[in-house]
>>> print(open('input_35.csv').read())   # CSV, C-alpha atoms
chain,number,residue,atom,x,y,z
A,1,ALA,CA,-30.8,4.5,18.9
A,2,ARG,CA,-30.3,1.4,16.9
A,3,ASP,CA,-32.4,2.8,14.0
A,4,ILE,CA,-30.3,6.0,14.0
A,5,LEU,CA,-27.0,4.1,14.0
A,6,LYS,CA,-28.3,1.8,11.2
A,7,SER,CA,-29.2,4.9,9.1
A,8,MET,CA,-25.7,6.2,9.6
A,9,SER,CA,-24.1,2.9,8.7
A,10,ASP,CA,-26.3,2.5,5.5
A,11,TYR,CA,-25.5,6.1,4.5
A,12,LEU,CA,-21.7,5.6,4.9
A,13,ALA,CA,-21.7,2.2,3.1
A,14,ALA,CA,-23.7,3.7,0.2
A,15,ALA,CA,-21.4,6.6,-0.4
A,16,GLU,CA,-19.0,6.0,-3.2
A,17,THR,CA,-16.6,8.6,-2.0
A,18,LEU,CA,-16.0,10.3,1.4
A,19,SER,CA,-13.6,12.8,2.8
A,20,PHE,CA,-13.2,14.5,6.1
A,21,ASP,CA,-10.8,16.2,8.5
A,22,TYR,CA,-10.4,15.2,12.2
A,23,ASP,CA,-8.9,16.2,15.5
A,24,ALA,CA,-8.1,13.4,17.9
A,25,THR,CA,-7.2,13.2,21.6
A,26,LEU,CA,-5.8,10.1,23.3
A,27,ASP,CA,-5.9,10.1,27.1
A,28,VAL,CA,-3.2,8.4,29.1
A,29,VAL,CA,-3.1,8.0,32.9
A,30,THR,CA,0.1,8.5,34.8
A,31,THR,CA,1.2,6.3,37.7
A,32,ASP,CA,0.1,9.1,40.1
A,33,GLY,CA,-3.4,9.3,38.5
A,34,GLN,CA,-3.0,12.4,36.3
A,35,ILE,CA,-4.9,12.2,33.0
A,36,LEU,CA,-2.9,13.6,30.0
A,37,GLY,CA,-4.1,14.1,26.5
A,38,ILE,CA,-2.1,13.5,23.4
A,39,ALA,CA,-3.5,15.5,20.5
A,40,SER,CA,-3.2,14.9,16.8
A,41,SER,CA,-5.0,16.0,13.6
A,42,GLY,CA,-5.4,14.6,10.1
A,43,MET,CA,-7.6,13.8,7.2
A,44,ALA,CA,-9.1,10.8,5.5
A,45,ALA,CA,-10.6,10.1,2.0
A,46,LEU,CA,-11.8,7.0,0.4
A,47,SER,CA,-13.2,5.9,-3.0
A,48,ARG,CA,-14.9,2.5,-2.8
A,49,PRO,CA,-14.0,-0.2,-3.2
A,50,ASP,CA,-10.2,0.0,-3.0
A,51,LYS,CA,-8.8,3.5,-2.6
A,52,PHE,CA,-8.0,5.2,0.7
A,53,ARG,CA,-5.7,7.8,2.1
A,54,ALA,CA,-5.4,9.0,5.7
A,55,THR,CA,-2.9,11.2,7.6
A,56,ARG,CA,-2.2,11.7,11.2
A,57,GLU,CA,0.1,14.5,12.5
A,58,GLY,CA,0.9,15.0,16.1
A,59,GLY,CA,3.6,17.0,17.8
A,60,TYR,CA,6.0,14.1,17.5
A,61,SER,CA,5.0,12.1,14.4
A,62,ALA,CA,3.6,12.3,10.9
A,63,LEU,CA,2.0,9.2,9.5
A,64,GLU,CA,0.3,8.4,6.2
A,65,VAL,CA,-1.7,5.3,5.1
A,66,THR,CA,-2.7,4.8,1.5
A,67,LEU,CA,-4.5,2.0,-0.4
A,68,ASP,CA,-4.3,2.1,-4.2
A,69,GLN,CA,-6.2,-0.9,-5.4
A,70,ASP,CA,-4.3,-3.9,-4.1
A,71,VAL,CA,-1.2,-2.2,-2.6
A,72,MET,CA,-1.1,-0.6,0.9
A,73,SER,CA,1.6,1.8,1.9
A,74,VAL,CA,2.3,3.1,5.4
A,75,ALA,CA,4.8,5.9,5.9
A,76,ALA,CA,6.2,7.5,9.0
A,77,ARG,CA,7.5,10.6,7.4
A,78,HIS,CA,9.0,12.0,10.6
A,79,ALA,CA,11.3,9.0,10.8
A,80,GLY,CA,11.9,8.6,7.1
A,81,VAL,CA,10.6,5.1,6.7
A,82,TYR,CA,7.7,3.3,5.0
A,83,VAL,CA,6.4,-0.2,4.3
A,84,GLN,CA,4.3,-1.6,1.5
A,85,ALA,CA,2.2,-4.8,1.4
A,86,PRO,CA,-0.3,-6.5,-0.9
A,87,VAL,CA,-4.0,-6.3,0.1
A,88,THR,CA,-7.0,-8.3,-0.8
A,89,GLY,CA,-10.6,-7.5,0.1
A,90,GLY,CA,-10.5,-3.7,-0.5
A,91,LEU,CA,-10.9,-1.3,2.4
A,92,ASP,CA,-12.0,-3.9,5.0
A,93,GLY,CA,-9.0,-6.1,3.9
A,94,MET,CA,-6.7,-3.2,4.5
A,95,PHE,CA,-8.1,-2.4,8.0
A,96,ASP,CA,-7.7,-6.1,8.9
A,97,LEU,CA,-4.1,-6.2,7.6
A,98,LEU,CA,-3.2,-3.0,9.5
A,99,ARG,CA,-4.6,-4.4,12.8
A,100,GLU,CA,-3.6,-8.1,12.6
A,101,GLN,CA,-0.2,-8.0,10.9
A,102,HIS,CA,1.1,-4.5,11.4
A,103,GLY,CA,-0.2,-3.7,14.8
A,104,PHE,CA,-2.0,-0.5,13.8
A,105,ILE,CA,-5.5,0.1,15.2
A,106,LEU,CA,-7.5,2.8,13.6
A,107,PRO,CA,-10.2,3.5,16.2
A,108,ALA,CA,-12.7,4.9,13.8
A,109,ALA,CA,-12.1,2.4,11.0
A,110,ASP,CA,-15.2,0.4,11.9
A,111,LEU,CA,-17.3,3.4,10.9
A,112,LEU,CA,-16.0,3.1,7.3
A,113,SER,CA,-16.5,-0.7,6.9
A,114,GLU,CA,-19.2,-2.1,4.6
A,115,ASP,CA,-21.0,-3.6,7.5
A,116,ALA,CA,-20.3,-0.9,10.1
A,117,TYR,CA,-23.6,-1.5,12.0
A,118,ASP,CA,-22.9,-5.2,12.7
A,119,ILE,CA,-19.3,-4.5,13.7
A,120,LEU,CA,-20.2,-1.7,16.1
A,121,MET,CA,-23.1,-3.6,17.7
A,122,ALA,CA,-21.4,-7.0,17.9
A,123,ASP,CA,-20.7,-6.9,21.7
A,124,VAL,CA,-23.1,-4.2,22.8
A,125,THR,CA,-24.9,-4.9,26.1
A,126,ASP,CA,-26.6,-1.5,26.6
A,127,VAL,CA,-28.0,1.2,24.3
A,128,LYS,CA,-29.1,4.7,25.1
A,129,ASP,CA,-30.5,7.5,23.1
A,130,LEU,CA,-29.5,10.6,25.0
A,131,GLY,CA,-31.4,13.1,22.8
A,132,ALA,CA,-29.9,16.1,21.0
A,133,GLY,CA,-26.4,17.5,21.1
A,134,MET,CA,-24.6,20.3,19.2
A,135,ILE,CA,-21.2,19.8,17.6
A,136,ARG,CA,-19.7,22.9,15.9
A,137,GLY,CA,-23.2,24.3,15.3
A,138,GLN,CA,-24.6,21.0,13.9
A,139,LEU,CA,-27.6,19.5,15.6
A,140,CYS,CA,-26.8,15.8,16.3
A,141,ASP,CA,-28.4,12.7,17.8
A,142,HIS,CA,-26.4,11.7,20.8
A,143,LEU,CA,-26.1,7.9,21.4
A,144,ALA,CA,-24.3,5.8,24.0
A,145,PHE,CA,-23.4,2.1,24.0
A,146,ARG,CA,-21.7,-0.3,26.4
A,147,THR,CA,-19.7,-3.4,25.8
A,148,PRO,CA,-17.9,-5.7,28.3
A,149,GLU,CA,-14.6,-3.9,27.4
A,150,VAL,CA,-15.4,-0.4,26.4
A,151,ASP,CA,-18.1,2.3,26.4
A,152,TRP,CA,-18.6,4.4,23.3
A,153,GLN,CA,-20.6,7.4,22.3
A,154,ILE,CA,-21.4,8.9,19.0
A,155,TRP,CA,-22.9,12.1,17.8
A,156,ILE,CA,-24.6,11.7,14.4
A,157,ALA,CA,-25.7,14.7,12.3
A,158,ALA,CA,-29.5,15.0,12.4
A,159,THR,CA,-29.8,15.6,8.6
A,160,ASP,CA,-30.5,13.6,5.5
A,161,GLN,CA,-26.8,12.9,5.5
A,162,PRO,CA,-26.4,11.3,8.9
A,163,TYR,CA,-22.6,11.5,9.2
A,164,PRO,CA,-20.6,11.0,12.4
A,165,CYS,CA,-19.6,14.3,14.1
A,166,ARG,CA,-17.9,13.0,17.2
A,167,PHE,CA,-16.9,9.5,18.3
A,168,VAL,CA,-15.7,8.8,21.9
A,169,ILE,CA,-14.3,5.5,23.2
A,170,THR,CA,-13.9,5.1,27.0
A,171,THR,CA,-12.1,2.3,28.7
A,172,PRO,CA,-13.9,1.8,32.1
A,173,THR,CA,-11.8,-1.3,32.9
A,174,PHE,CA,-8.8,1.0,33.5
A,175,GLU,CA,-8.7,3.4,36.5
A,176,GLN,CA,-10.2,6.8,35.7
A,177,GLY,CA,-11.5,5.5,32.3
A,178,PRO,CA,-9.1,7.0,29.7
A,179,ARG,CA,-10.7,8.1,26.5
A,180,TYR,CA,-10.1,8.4,22.8
A,181,THR,CA,-12.0,11.3,21.2
A,182,LEU,CA,-12.4,11.9,17.5
A,183,ASP,CA,-13.9,15.1,16.3
A,184,ILE,CA,-14.9,15.1,12.6
A,185,SER,CA,-15.2,18.2,10.4
A,186,ASN,CA,-15.4,19.3,6.8
A,187,TRP,CA,-17.4,16.2,5.9
A,188,GLN,CA,-18.1,15.6,2.2
A,189,SER,CA,-19.6,12.6,0.4
A,190,ASP,CA,-20.1,11.5,-3.2
A,191,ILE,CA,-17.8,14.2,-4.6
A,192,PRO,CA,-15.1,13.8,-7.3
A,193,LEU,CA,-11.8,12.8,-5.8
A,194,PRO,CA,-8.6,12.8,-8.0
A,195,VAL,CA,-7.4,9.3,-8.6
A,196,ASP,CA,-3.8,10.3,-8.1
A,197,SER,CA,-4.6,11.5,-4.5
A,198,PHE,CA,-4.5,7.8,-3.5
A,199,SER,CA,-1.2,6.9,-5.1
A,200,PHE,CA,2.0,6.7,-3.1
A,201,ALA,CA,5.4,7.4,-4.6
A,202,PRO,CA,8.0,7.4,-1.8
A,203,PRO,CA,10.3,10.4,-2.0
A,204,ASP,CA,14.0,10.1,-1.8
A,205,ASP,CA,14.1,10.9,1.9
A,206,LEU,CA,12.0,7.8,2.7
A,207,ARG,CA,13.6,4.3,2.9
A,208,MET,CA,11.9,0.9,2.9
A,209,ALA,CA,11.7,-0.6,6.5
A,210,THR,CA,10.5,-3.7,8.3
A,211,THR,CA,7.1,-3.7,10.0
A,212,GLU,CA,8.9,-3.7,13.4
A,213,GLN,CA,10.9,-0.6,12.5
A,214,LEU,CA,7.8,1.2,11.3
A,215,GLN,CA,5.9,0.3,14.5
A,216,ALA,CA,8.7,1.7,16.6
A,217,ALA,CA,8.7,4.9,14.5
A,218,ALA,CA,4.9,5.2,14.5
A,219,ASN,CA,4.4,5.2,18.3
A,220,GLU,CA,1.9,7.9,19.3
A,221,PHE,CA,3.8,8.6,22.5
A,222,PRO,CA,6.7,11.0,22.5
A,223,ASP,CA,10.1,9.9,23.7
A,224,HIS,CA,9.7,11.6,27.1
A,225,PHE,CA,6.6,9.4,27.9
A,226,MET,CA,7.9,6.3,29.6
A,227,ILE,CA,5.2,3.6,29.3
A,228,GLY,CA,5.0,1.6,32.5
A,229,ALA,CA,7.5,3.7,34.4
A,230,SER,CA,7.7,6.8,36.6
A,231,GLN,CA,9.2,10.0,35.6
>>> encode(input="input_35.csv", output="structure tokens")
Amino acid sequence: ARDILKSMSDYLAAAETLSFDYDATLDVVTTDGQILGIASSGMAALSRPDKFRATREGGYSALEVTLDQDVMSVAARHAGVYVQAPVTGGLDGMFDLLREQHGFILPAADLLSEDAYDILMADVTDVKDLGAGMIRGQLCDHLAFRTPEVDWQIWIAATDQPYPCRFVITTPTFEQGPRYTLDISNWQSDIPLPVDSFSFAPPDDLRMATTEQLQAAANEFPDHFMIGASQ
């Protein structure tokens, strides 16, 4: 399992360009124990070392993150707001900035880091190779890992391009173990990507906002989900 994960990590780090589509489901658990899934879809593309674009559209929000050399832009188009910030350290620097200063956690960002293997394996206490699995007709290697805080599984294409097909994070420390599931499709690597696809020019209907305003607008939960309350 470690060897398969390392092969995937090396393949991803060596690719100069990547693009893919995804479907994601975030589980939440109600106060009476019902598990509900919040679904979203989007795309991501990168050109190493310092260009990135990703979108996420749900039923209640439409977000976009871009990195164009040393400038990061995050837009909540449904709310008409955006923020921009300088970035050092390329893609990994942007992921750190999003997490540490803007409060945005991209669950699959670790897969795209230069040292994905070391990051993913940092706190792993148990490793399992579960054999073969099939995702949308693609034969995959199915691996499972445990850490003190989360369990995660990954299905990696069993080809000479070992790309991730599905990534699942489970939180066993919470009752009923809610999950985040990411299904990846339309995978492409080392293909020409237009340079202007990573630029961000805010349209007239977007206004500059503070980080706090953007965070409030970018909440994955719709207004009728009351966190920590009963309804």
>>> atom_distance(input="input_35.csv", atom1="atom CA of A:Arg136", atom2="atom CA of A:Met121")
26.8 Å
>>> atom_distance(input="input_35.csv", atom1="atom CA of A:Met43", atom2="atom CA of A:Tyr22")
5.9 Å
>>> closest_residue(input="input_35.csv", among="A:Val87, A:Ala75, A:Leu26, A:Ala158", to="A:Ser7", atoms="all atoms listed in the file")
A:Ala158
>>> residues_near_point(input="input_35.csv", point="(11.4, 7.6, 9.1)", cutoff="8 Å", atoms="all atoms listed in the file", output="list of chain:residue names")
A:Ala75, A:Ala76, A:Arg77, A:His78, A:Ala79, A:Gly80, A:Val81, A:Tyr82, A:Leu206, A:Arg207, A:Leu214, A:Ala217
>>> closest_residue(input="input_35.csv", among="A:His102, A:Pro86, A:Leu12, A:Asp141", to="A:Gln213", atoms="only C-alpha atoms")
A:His102
>>> atom_distance(input="input_35.csv", atom1="atom CA of A:Ile4", atom2="atom CA of A:Arg48")
23.1 Å
>>> closest_residue(input="input_35.csv", among="A:His142, A:Ser9, A:Leu18, A:Glu57", to="A:Ile156", atoms="only C-alpha atoms")
A:His142
>>> closest_atom_pairs(input="input_35.csv", of="stretch 23-124 of chain A", to="stretch 187-197 of chain A", cutoff="10 Å", atoms="all atoms listed in the file", output="tab-separated table")
residue	atom	partner	partner_atom	distance
A:Ala44	CA	A:Trp187	CA	9.9
A:Ala45	CA	A:Leu193	CA	8.3
A:Leu46	CA	A:Leu193	CA	8.5
A:Ser47	CA	A:Leu193	CA	7.6
A:Lys51	CA	A:Val195	CA	8.5
A:Phe52	CA	A:Ser197	CA	8.8
A:Arg53	CA	A:Ser197	CA	7.6
A:Thr66	CA	A:Ser197	CA	9.2
A:Asp68	CA	A:Val195	CA	9.0
>>> residues_around(input="input_35.csv", residues="A:Ala157", least_positions_apart="2", cutoff="9 Å", atoms="only C-alpha atoms", output="MDAnalysis selection string")
chainID A and resid 8 134:135 138:141 155 159:165
>>> residues_near_point(input="input_35.csv", point="(-4.0, 8.0, 26.9)", cutoff="12 Å", atoms="only C-alpha atoms", output="short mmCIF file (atom, residue, chain, number, x, y, z; two decimals) with C-alpha atoms, in the frame of the given file")
data_model
loop_
_atom_site.label_atom_id
_atom_site.label_comp_id
_atom_site.auth_asym_id
_atom_site.auth_seq_id
_atom_site.Cartn_x
_atom_site.Cartn_y
_atom_site.Cartn_z
CA ALA A 24 -8.10 13.40 17.90
CA THR A 25 -7.20 13.20 21.60
CA LEU A 26 -5.80 10.10 23.30
CA ASP A 27 -5.90 10.10 27.10
CA VAL A 28 -3.20 8.40 29.10
CA VAL A 29 -3.10 8.00 32.90
CA THR A 30 0.10 8.50 34.80
CA GLY A 33 -3.40 9.30 38.50
CA GLN A 34 -3.00 12.40 36.30
CA ILE A 35 -4.90 12.20 33.00
CA LEU A 36 -2.90 13.60 30.00
CA GLY A 37 -4.10 14.10 26.50
CA ILE A 38 -2.10 13.50 23.40
CA ALA A 39 -3.50 15.50 20.50
CA ILE A 169 -14.30 5.50 23.20
CA THR A 170 -13.90 5.10 27.00
CA THR A 171 -12.10 2.30 28.70
CA PHE A 174 -8.80 1.00 33.50
CA GLU A 175 -8.70 3.40 36.50
CA GLN A 176 -10.20 6.80 35.70
CA GLY A 177 -11.50 5.50 32.30
CA PRO A 178 -9.10 7.00 29.70
CA ARG A 179 -10.70 8.10 26.50
CA TYR A 180 -10.10 8.40 22.80
CA THR A 181 -12.00 11.30 21.20
CA GLU A 220 1.90 7.90 19.30
CA PHE A 221 3.80 8.60 22.50
CA PRO A 222 6.70 11.00 22.50
CA PHE A 225 6.60 9.40 27.90
CA ILE A 227 5.20 3.60 29.30
#
>>> residues_around(input="input_35.csv", residues="A:Leu182", least_positions_apart="2", cutoff="6 Å", atoms="all atoms listed in the file", output="MDAnalysis selection string")
chainID A and resid 23:24 166:167
>>> closest_residue(input="input_35.csv", among="A:Glu149, A:Asp123, A:Asp10, A:Asp96", to="A:Met72", atoms="only C-alpha atoms")
A:Asp96
>>> residues_around(input="input_35.csv", residues="A:Asp92", least_positions_apart="6", cutoff="10 Å", atoms="all atoms listed in the file", output="ChimeraX atom specification")
/A:49-50,98,109-110,112-115
>>> closest_residue(input="input_35.csv", among="A:Glu212, A:Asp205, A:Asp223, A:Asp118", to="A:Arg2", atoms="all atoms listed in the file")
A:Asp118
>>> decode(input="input_35.csv", residues="stretch 23-138 of chain A", atoms="C-alpha atoms", output="compact mmCIF listing (two decimals), in the first residue's frame")
# COMPACT_ATOMS: atom_id res chain seq x y z
CA ASP A 23 -18.14 15.56 -7.32
CA ALA A 24 -18.05 15.91 -3.54
CA THR A 25 -20.38 14.96 -0.71
CA LEU A 26 -19.97 16.27 2.84
CA ASP A 27 -21.89 14.34 5.50
CA VAL A 28 -23.39 16.12 8.48
CA VAL A 29 -25.09 14.50 11.46
CA THR A 30 -28.24 16.04 12.95
CA THR A 31 -28.95 16.23 16.65
CA ASP A 32 -31.28 13.24 16.30
CA GLY A 33 -28.64 11.13 14.54
CA GLN A 34 -29.71 11.49 10.91
CA ILE A 35 -26.86 11.66 8.37
CA LEU A 36 -27.40 14.23 5.61
CA GLY A 37 -25.20 14.78 2.57
CA ILE A 38 -24.36 18.18 1.09
CA ALA A 39 -23.37 17.73 -2.55
CA SER A 40 -21.21 19.95 -4.75
CA SER A 41 -19.28 19.73 -8.00
CA GLY A 42 -16.38 21.53 -9.56
CA MET A 43 -13.10 21.40 -11.42
CA ALA A 44 -9.44 22.00 -10.71
CA ALA A 45 -6.45 22.73 -12.92
CA LEU A 46 -2.84 23.55 -12.15
CA SER A 47 0.34 24.43 -13.93
CA ARG A 48 3.39 24.07 -11.74
CA PRO A 49 4.86 25.86 -9.98
CA ASP A 50 2.49 28.80 -9.47
CA LYS A 51 -0.77 28.61 -11.40
CA PHE A 52 -4.01 27.11 -10.10
CA ARG A 53 -7.75 27.37 -10.57
CA ALA A 54 -10.54 25.51 -8.84
CA THR A 55 -14.29 25.93 -8.62
CA ARG A 56 -16.94 24.54 -6.30
CA GLU A 57 -20.63 24.86 -7.00
CA GLY A 58 -23.34 23.62 -4.68
CA GLY A 59 -27.00 24.32 -4.47
CA TYR A 60 -26.31 27.38 -2.33
CA SER A 61 -22.88 28.71 -3.25
CA ALA A 62 -20.47 29.20 -6.14
CA LEU A 63 -16.79 29.57 -5.22
CA GLU A 64 -13.64 30.05 -7.26
CA VAL A 65 -9.97 30.03 -6.19
CA THR A 66 -7.18 31.11 -8.52
CA LEU A 67 -3.43 31.49 -8.19
CA ASP A 68 -1.65 33.51 -10.87
CA GLN A 69 2.03 33.52 -9.99
CA ASP A 70 2.14 35.44 -6.69
CA VAL A 71 -1.48 36.60 -6.38
CA MET A 72 -4.30 34.47 -4.95
CA SER A 73 -7.94 35.35 -5.55
CA VAL A 74 -10.95 33.79 -3.83
CA ALA A 75 -14.42 34.70 -5.09
CA ALA A 76 -17.86 33.85 -3.71
CA ARG A 77 -19.77 34.63 -6.88
CA HIS A 78 -23.17 33.84 -5.40
CA ALA A 79 -22.59 36.56 -2.79
CA GLY A 80 -20.85 39.02 -5.10
CA VAL A 81 -17.63 39.28 -3.06
CA TYR A 82 -13.95 38.39 -3.45
CA VAL A 83 -10.58 38.80 -1.72
CA GLN A 84 -7.03 38.88 -3.05
CA ALA A 85 -3.75 38.27 -1.26
CA PRO A 86 -0.06 37.93 -2.11
CA VAL A 87 1.37 34.40 -2.05
CA THR A 88 4.90 33.08 -1.69
CA GLY A 89 5.85 29.46 -2.14
CA GLY A 90 3.73 28.59 -5.16
CA LEU A 91 0.92 26.04 -4.82
CA ASP A 92 1.91 24.80 -1.37
CA GLY A 93 2.17 28.40 -0.17
CA MET A 94 -1.36 29.07 -1.43
CA PHE A 95 -2.77 25.98 0.30
CA ASP A 96 -1.12 27.05 3.57
CA LEU A 97 -2.45 30.61 3.21
CA LEU A 98 -5.99 29.41 2.53
CA ARG A 99 -5.92 27.14 5.58
CA GLU A 100 -4.06 29.29 8.11
CA GLN A 101 -5.23 32.83 7.34
CA HIS A 102 -8.49 32.48 5.45
CA GLY A 103 -9.98 29.44 7.17
CA PHE A 104 -10.53 27.45 3.96
CA ILE A 105 -9.64 23.77 4.10
CA LEU A 106 -9.38 21.99 0.76
CA PRO A 107 -9.62 18.31 1.79
CA ALA A 108 -7.85 17.01 -1.32
CA ALA A 109 -5.17 19.71 -1.48
CA ASP A 110 -2.63 17.36 0.11
CA LEU A 111 -2.82 15.17 -3.00
CA LEU A 112 -1.51 18.07 -5.11
CA SER A 113 1.39 19.08 -2.85
CA GLU A 114 4.99 18.56 -3.92
CA ASP A 115 5.53 16.13 -1.02
CA ALA A 116 2.08 14.52 -0.95
CA TYR A 117 3.34 11.16 0.32
CA ASP A 118 5.04 12.61 3.42
CA ILE A 119 2.01 14.80 4.22
CA LEU A 120 -0.51 11.99 3.82
CA MET A 121 1.57 9.51 5.85
CA ALA A 122 2.56 11.92 8.62
CA ASP A 123 0.21 10.60 11.35
CA VAL A 124 -0.75 7.22 9.87
CA THR A 125 -0.91 4.40 12.41
CA ASP A 126 -2.40 1.62 10.26
CA VAL A 127 -2.17 0.77 6.56
CA LYS A 128 -4.26 -1.68 4.54
CA ASP A 129 -4.16 -2.79 0.92
CA LEU A 130 -7.77 -3.86 0.26
CA GLY A 131 -7.12 -5.16 -3.23
CA ALA A 132 -8.98 -4.11 -6.36
CA GLY A 133 -11.92 -1.77 -6.77
CA MET A 134 -13.77 -0.35 -9.76
CA ILE A 135 -14.59 3.37 -10.10
CA ARG A 136 -16.59 4.35 -13.23
CA GLY A 137 -15.15 1.35 -15.08
CA GLN A 138 -11.54 2.06 -14.07
